[in-house]
>>> print(open('final-v2.cif').read())   # mmCIF, C-alpha atoms
data_run
loop_
_atom_site.label_atom_id
_atom_site.label_comp_id
_atom_site.auth_asym_id
_atom_site.auth_seq_id
_atom_site.Cartn_x
_atom_site.Cartn_y
_atom_site.Cartn_z
CA MET A 1 -10.58 -0.38 5.80
CA LYS A 2 -11.21 -3.86 7.16
CA SER A 3 -12.19 -4.04 10.81
CA THR A 4 -9.59 -5.38 13.25
CA PHE A 5 -11.93 -8.27 14.08
CA ILE A 6 -12.22 -9.35 10.45
CA LYS A 7 -8.46 -9.05 10.08
CA LEU A 8 -7.96 -11.49 12.94
CA ILE A 9 -9.87 -14.24 11.13
CA ILE A 10 -7.96 -13.46 7.92
CA ILE A 11 -4.68 -13.69 9.86
CA ILE A 12 -5.66 -17.05 11.35
CA ALA A 13 -6.71 -18.30 7.92
CA ALA A 14 -3.53 -17.13 6.23
CA GLY A 15 -1.09 -17.89 9.00
CA THR A 16 -2.31 -21.31 10.03
CA PHE A 17 -4.95 -22.64 7.67
CA GLY A 18 -5.18 -20.72 4.43
CA PHE A 19 -1.94 -21.96 2.92
CA MET A 20 -2.78 -25.60 3.52
CA SER A 21 -3.62 -26.35 -0.10
CA CYS A 22 -4.48 -29.80 -1.38
CA ASP A 23 -2.73 -28.93 -4.66
CA ILE A 24 0.65 -30.18 -3.47
CA LEU A 25 3.11 -31.10 -6.19
CA GLY A 26 6.18 -31.33 -3.95
CA GLY A 27 9.66 -29.88 -4.24
CA GLY A 28 11.35 -26.70 -3.08
CA SER A 29 14.56 -24.69 -3.30
CA SER A 30 15.71 -26.04 0.06
CA SER A 31 16.08 -29.76 0.70
CA SER A 32 14.17 -29.23 3.95
CA SER A 33 11.22 -27.42 2.37
CA THR A 34 8.95 -30.46 2.53
CA LYS A 35 10.97 -32.94 4.58
CA PRO A 36 10.60 -33.28 8.36
CA ILE A 37 12.96 -31.03 10.31
CA GLY A 38 15.20 -32.93 12.70
CA GLY A 39 15.98 -32.03 16.27
CA ASP A 40 14.31 -32.71 19.59
CA PRO A 41 10.77 -31.76 20.64
CA THR A 42 10.57 -28.62 22.80
CA PRO A 43 8.22 -27.44 25.58
CA ILE A 44 6.49 -25.13 23.09
CA GLY A 45 4.89 -28.21 21.50
CA GLU A 46 3.94 -29.88 24.78
CA VAL A 47 0.29 -30.65 25.50
CA GLY A 48 -1.23 -27.85 27.54
CA ASN A 49 1.07 -25.10 26.33
CA THR A 50 -0.87 -21.94 25.52
CA PHE A 51 -0.25 -18.94 23.28
CA ARG A 52 -1.31 -15.38 24.01
CA VAL A 53 -2.18 -12.76 21.39
CA PRO A 54 -3.45 -9.19 21.80
CA SER A 55 -7.10 -8.84 22.77
CA ILE A 56 -9.27 -8.33 19.71
CA PRO A 57 -12.69 -6.61 20.06
CA GLY A 58 -15.59 -8.82 19.05
CA THR A 59 -14.27 -12.13 20.41
CA THR A 60 -14.52 -13.61 23.87
CA ASN A 61 -13.12 -16.72 25.52
CA SER A 62 -10.44 -16.95 22.84
CA SER A 63 -7.84 -19.68 23.29
CA ILE A 64 -4.82 -21.04 21.42
CA LYS A 65 -3.30 -24.17 22.92
CA VAL A 66 -1.59 -27.49 22.20
CA ILE A 67 -4.20 -30.21 22.62
CA ASP A 68 -2.15 -33.32 21.76
CA ASN A 69 1.18 -34.37 20.31
CA ASN A 70 3.21 -37.25 18.99
CA GLY A 71 6.92 -36.62 19.40
CA ALA A 72 7.68 -33.33 17.66
CA ASP A 73 4.28 -33.16 15.94
CA SER A 74 1.63 -31.17 17.79
CA ASN A 75 -1.98 -30.21 17.20
CA ILE A 76 -2.67 -26.59 18.08
CA GLU A 77 -6.32 -25.71 18.65
CA PHE A 78 -7.87 -22.31 18.10
CA SER A 79 -11.21 -21.48 19.71
CA GLY A 80 -13.35 -18.52 20.64
CA THR A 81 -16.84 -17.13 20.88
CA VAL A 82 -17.72 -15.14 17.77
CA THR A 83 -20.71 -12.81 17.59
CA ASN A 84 -19.97 -11.07 14.28
CA PRO A 85 -22.21 -12.63 11.55
CA VAL A 86 -19.65 -11.91 8.80
CA LEU A 87 -16.97 -13.86 10.63
CA LEU A 88 -19.35 -16.71 11.38
CA GLN A 89 -20.14 -16.93 7.68
CA LEU A 90 -16.41 -17.05 6.84
CA ALA A 91 -15.81 -19.77 9.42
CA ASN A 92 -18.73 -21.80 8.09
CA HIS A 93 -17.11 -21.86 4.65
CA MET A 94 -13.68 -23.05 5.89
CA GLU A 95 -13.34 -26.80 6.40
CA GLU A 96 -10.75 -26.32 9.13
CA PHE A 97 -13.27 -24.56 11.38
CA SER A 98 -16.24 -26.05 13.21
CA VAL A 99 -19.08 -23.69 14.10
CA ASP A 100 -21.65 -24.43 16.80
CA GLY A 101 -23.81 -21.38 17.35
CA ASN A 102 -21.31 -18.65 18.20
CA GLN A 103 -18.54 -21.05 19.20
CA VAL A 104 -15.80 -21.43 16.58
CA THR A 105 -13.01 -24.01 16.86
CA GLY A 106 -10.27 -25.31 14.61
CA ALA A 107 -6.99 -27.23 14.85
CA ARG A 108 -3.89 -27.75 12.72
CA LYS A 109 -0.77 -29.87 12.96
CA PHE A 110 2.70 -28.36 13.42
CA ARG A 111 6.17 -29.82 13.80
CA ILE A 112 8.08 -28.01 16.58
CA THR A 113 11.70 -28.85 17.41
CA ASP A 114 14.80 -27.10 18.66
CA LYS A 115 15.87 -26.87 14.99
CA GLY A 116 12.78 -25.04 13.70
CA ILE A 117 9.05 -25.08 12.99
CA GLN A 118 7.02 -26.61 10.16
CA THR A 119 3.35 -26.43 9.24
CA TYR A 120 1.53 -29.33 7.57
CA THR A 121 -0.39 -29.44 4.31
CA SER A 122 -4.06 -30.36 3.93
CA GLY A 123 -4.98 -33.54 5.76
CA GLY A 124 -2.26 -32.85 8.29
CA LYS A 125 -4.14 -33.42 11.52
CA LEU A 126 -2.31 -35.62 13.98
CA ASN A 127 -2.12 -39.22 12.71
CA GLU A 128 -3.69 -38.25 9.38
CA GLY A 129 -0.56 -37.82 7.28
CA GLY A 130 0.06 -34.61 5.39
CA LYS A 131 3.35 -33.13 4.23
CA PRO A 132 5.49 -30.82 6.39
CA PHE A 133 6.41 -27.41 4.99
CA THR A 134 9.20 -25.43 6.65
CA LEU A 135 8.29 -22.17 8.34
CA ILE A 136 11.68 -21.51 9.94
CA GLU A 137 15.04 -23.18 10.52
CA TYR A 138 16.84 -21.48 13.38
CA ASP A 139 20.21 -21.81 11.63
CA ALA A 140 18.85 -20.33 8.38
CA LYS A 141 20.78 -17.63 6.52
CA LYS A 142 19.38 -14.51 4.92
CA GLY A 143 18.16 -15.41 1.45
CA ASP A 144 17.22 -19.03 2.25
CA ARG A 145 13.91 -20.00 0.62
CA TYR A 146 11.30 -22.67 1.25
CA VAL A 147 8.94 -23.38 -1.63
CA LEU A 148 5.68 -25.32 -1.68
CA LYS A 149 4.73 -25.97 -5.30
CA ARG A 150 1.00 -25.72 -6.01
CA ARG A 151 -1.25 -25.49 -8.99
CA GLY A 152 -2.23 -21.86 -9.26
CA GLY A 153 1.03 -20.51 -7.81
CA ASP A 154 3.78 -21.52 -5.40
CA LEU A 155 3.79 -20.56 -1.74
CA VAL A 156 7.22 -19.12 -0.93
CA ARG A 157 8.81 -18.45 2.46
CA ARG A 158 12.07 -16.50 2.33
CA VAL A 159 14.41 -15.46 5.13
CA VAL A 160 14.66 -11.69 4.66
CA GLU A 161 16.51 -10.66 7.82
CA ARG A 162 18.60 -12.18 10.59
CA SER A 163 19.51 -9.73 13.34
CA THR A 164 22.88 -9.83 15.07
CA ASP A 165 21.84 -7.47 17.86
CA ASN A 166 18.95 -7.46 20.32
CA ASP A 167 16.94 -4.96 18.29
CA PHE A 168 13.35 -6.30 18.32
CA TYR A 169 11.20 -5.15 21.24
CA TRP A 170 9.02 -7.97 22.53
CA GLY A 171 7.66 -9.00 25.92
CA GLY A 172 9.25 -6.05 27.70
CA MET A 173 12.75 -6.71 26.35
CA PHE A 174 14.86 -6.57 23.20
CA ILE A 175 15.63 -9.84 21.43
CA ARG A 176 17.27 -11.08 18.24
CA THR A 177 14.95 -12.31 15.52
CA ILE A 178 14.87 -14.11 12.19
CA GLN A 179 12.29 -12.70 9.76
CA VAL A 180 10.59 -14.89 7.19
CA GLU A 181 8.40 -13.36 4.49
CA GLU A 182 5.61 -15.46 2.96
CA THR A 183 4.25 -14.70 -0.50
CA GLY A 184 1.93 -16.52 -2.89
CA ILE A 185 -0.83 -16.54 -0.27
CA GLN A 186 -4.24 -17.51 -1.60
CA THR A 187 -6.28 -15.84 1.14
CA PRO A 188 -8.38 -12.97 -0.23
CA GLY A 189 -7.33 -9.59 1.12
CA VAL A 190 -3.82 -10.62 2.20
CA SER A 191 -0.77 -9.76 0.08
CA ARG A 192 2.05 -11.12 2.26
CA ILE A 193 2.99 -12.04 5.82
CA LYS A 194 6.23 -11.47 7.66
CA TYR A 195 6.90 -13.86 10.56
CA HIS A 196 9.32 -13.01 13.38
CA PHE A 197 11.09 -15.86 15.19
CA ASN A 198 13.50 -16.27 18.07
CA HIS A 199 15.39 -19.52 18.74
CA ARG A 200 14.30 -19.47 22.41
CA PHE A 201 10.74 -18.14 22.17
CA GLY A 202 9.64 -19.55 18.80
CA MET A 203 7.27 -17.35 16.78
CA VAL A 204 7.09 -13.96 18.49
CA ALA A 205 5.10 -11.89 15.98
CA MET A 206 3.27 -11.84 12.66
CA ASP A 207 3.25 -8.74 10.45
CA VAL A 208 0.34 -9.02 8.01
CA TYR A 209 0.16 -6.81 4.90
CA PHE A 210 -3.29 -6.38 3.35
CA GLU A 211 -4.19 -5.63 -0.25
CA ASP A 212 -5.84 -2.36 0.79
CA GLY A 213 -2.42 -1.07 1.88
CA SER A 214 -2.96 -1.51 5.60
CA GLU A 215 -0.76 -3.52 7.94
CA MET A 216 -1.21 -5.26 11.27
CA LEU A 217 1.49 -6.46 13.66
CA MET A 218 0.28 -9.17 16.02
CA TRP A 219 2.39 -10.31 18.96
CA VAL A 220 2.56 -14.02 19.79
CA MET A 221 3.68 -15.20 23.22
CA SER A 222 4.06 -18.84 24.21
CA SER A 223 3.76 -19.85 27.86
CA ASN A 224 6.67 -22.28 27.35
CA ASP A 225 10.10 -21.58 25.85
CA ASN A 226 12.33 -23.83 23.75
#
>>> encode(input="final-v2.cif", output="structure tokens")
Amino acid sequence: MKSTFIKLIIIIAAGTFGFMSCDILGGGSSSSSTKPIGGDPTPIGEVGNTFRVPSIPGTTNSSIKVIDNNGADSNIEFSGTVTNPVLLQLANHMEEFSVDGNQVTGARKFRITDKGIQTYTSGGKLNEGGKPFTLIEYDAKKGDRYVLKRRGGDLVRRVVERSTDNDFYWGGMFIRTIQVEETGIQTPGVSRIKYHFNHRFGMVAMDVYFEDGSEMLMWVMSSNDN
């Protein structure tokens, strides 16, 4: 069984960095798969907004925050003090992370609007181009798919559930969610990820399924709402 600490790095790699392949061929089953989502920027993408996740043993001074933006495009920075040598070795081999002693940092570009959220492909730091890839459209229907074609296998995001009742417990209350399942992940140890979204709160959780049969649900809470 992987340790919770190691799983956290795998989750970060899969959920924010690992799918950013340079093998982009374009295309998708939805016209918005790799085209910028419209809509207006929201407070979730504003500079200074922070995101809270459950405390994970083995890390200190962890932080997830928006460090700069340009309209609806925002750079979200991940940082923390890492003392586990295995994790430091992983971070040293990932170009998205910078390691200075035990301090690990990384950043990635997202598009955040009142219509949905997109990640960006390799080279997608702010003002460095990259192609957007849809993570969620808030008006999506069950069965909608977003496909990023890559050599070695497509990355697919599919809407698998859209609740009509407040049936997902989060932040001390029940809310409605849209669930998007991601497959075709090229991060070792991860088989699939299920993202949970709410039109007001953005991403509220990530359910990560590992190849060893284990599973980890991680809550995500933004200081700002849409």
>>> closest_residue(input="final-v2.cif", among="A:Gly80, A:Gln186, A:Asp212, A:Thr113", to="Asp154 (chain A)", atoms="all atoms listed in the file")
A:Gln186
>>> resolve_selection(input="final-v2.cif", expression="the PyMOL selection byres ((chain A and resi 155) around 10)", output="PyMOL selection string")
chain A and resi 19-21+28+133+146-150+152-154+156-157+182-186
>>> closest_residue(input="final-v2.cif", among="A:Asp207, A:Asp73, A:Asp165, A:Asp40", to="Lys109 (chain A)", atoms="only C-alpha atoms")
A:Asp73
>>> atom_distance(input="final-v2.cif", atom1="CA of Phe78 (chain A)", atom2="CA of Ile64 (chain A)")
4.7 Å
>>> axis_aligned_box(input="final-v2.cif", around="region 129-147 of chain A", padding_each_side="4 Å", output="AutoDock Vina command-line options")
--center_x 10.1 --center_y -26.2 --center_z 5.9 --size_x 29.3 --size_y 31.3 --size_z 23.0
>>> atom_distance(input="final-v2.cif", atom1="CA of Tyr195 (chain A)", atom2="CA of Phe110 (chain A)")
15.4 Å
>>> closest_residue(input="final-v2.cif", among="A:Asn69, A:Ser79, A:Asn92, A:Thr119", to="Ser33 (chain A)", atoms="only C-alpha atoms")
A:Thr119
>>> residues_near_point(input="final-v2.cif", point="(3.4, -13.6, 22.9)", cutoff="10 Å", atoms="all atoms listed in the file", output="PyMOL selection string")
chain A and resi 50-54+170-171+201-205+218-223
>>> decode(input="final-v2.cif", residues="region 102-122 of chain A", atoms="C-alpha atoms", output="CSV table (one decimal), in the first residue's frame")
chain,number,residue,atom,x,y,z
A,102,ASN,CA,13.5,20.5,1.1
A,103,GLN,CA,11.4,23.2,-0.5
A,104,VAL,CA,9.4,22.1,-3.5
A,105,THR,CA,7.4,24.5,-5.7
A,106,GLY,CA,5.6,24.3,-9.0
A,107,ALA,CA,3.0,26.2,-11.0
A,108,ARG,CA,0.5,25.5,-13.8
A,109,LYS,CA,-1.8,27.6,-15.9
A,110,PHE,CA,-5.6,27.2,-15.6
A,111,ARG,CA,-8.6,29.0,-17.3
A,112,ILE,CA,-11.3,29.7,-14.8
A,113,THR,CA,-14.6,31.3,-15.8
A,114,ASP,CA,-18.2,31.2,-14.8
A,115,LYS,CA,-18.8,28.7,-17.6
A,116,GLY,CA,-16.2,26.1,-16.5
A,117,ILE,CA,-12.5,25.3,-15.9
A,118,GLN,CA,-9.7,24.3,-18.3
A,119,THR,CA,-6.2,23.1,-17.7
A,120,TYR,CA,-3.4,23.9,-20.1
A,121,THR,CA,-1.0,21.6,-22.0
A,122,SER,CA,2.8,21.6,-21.7
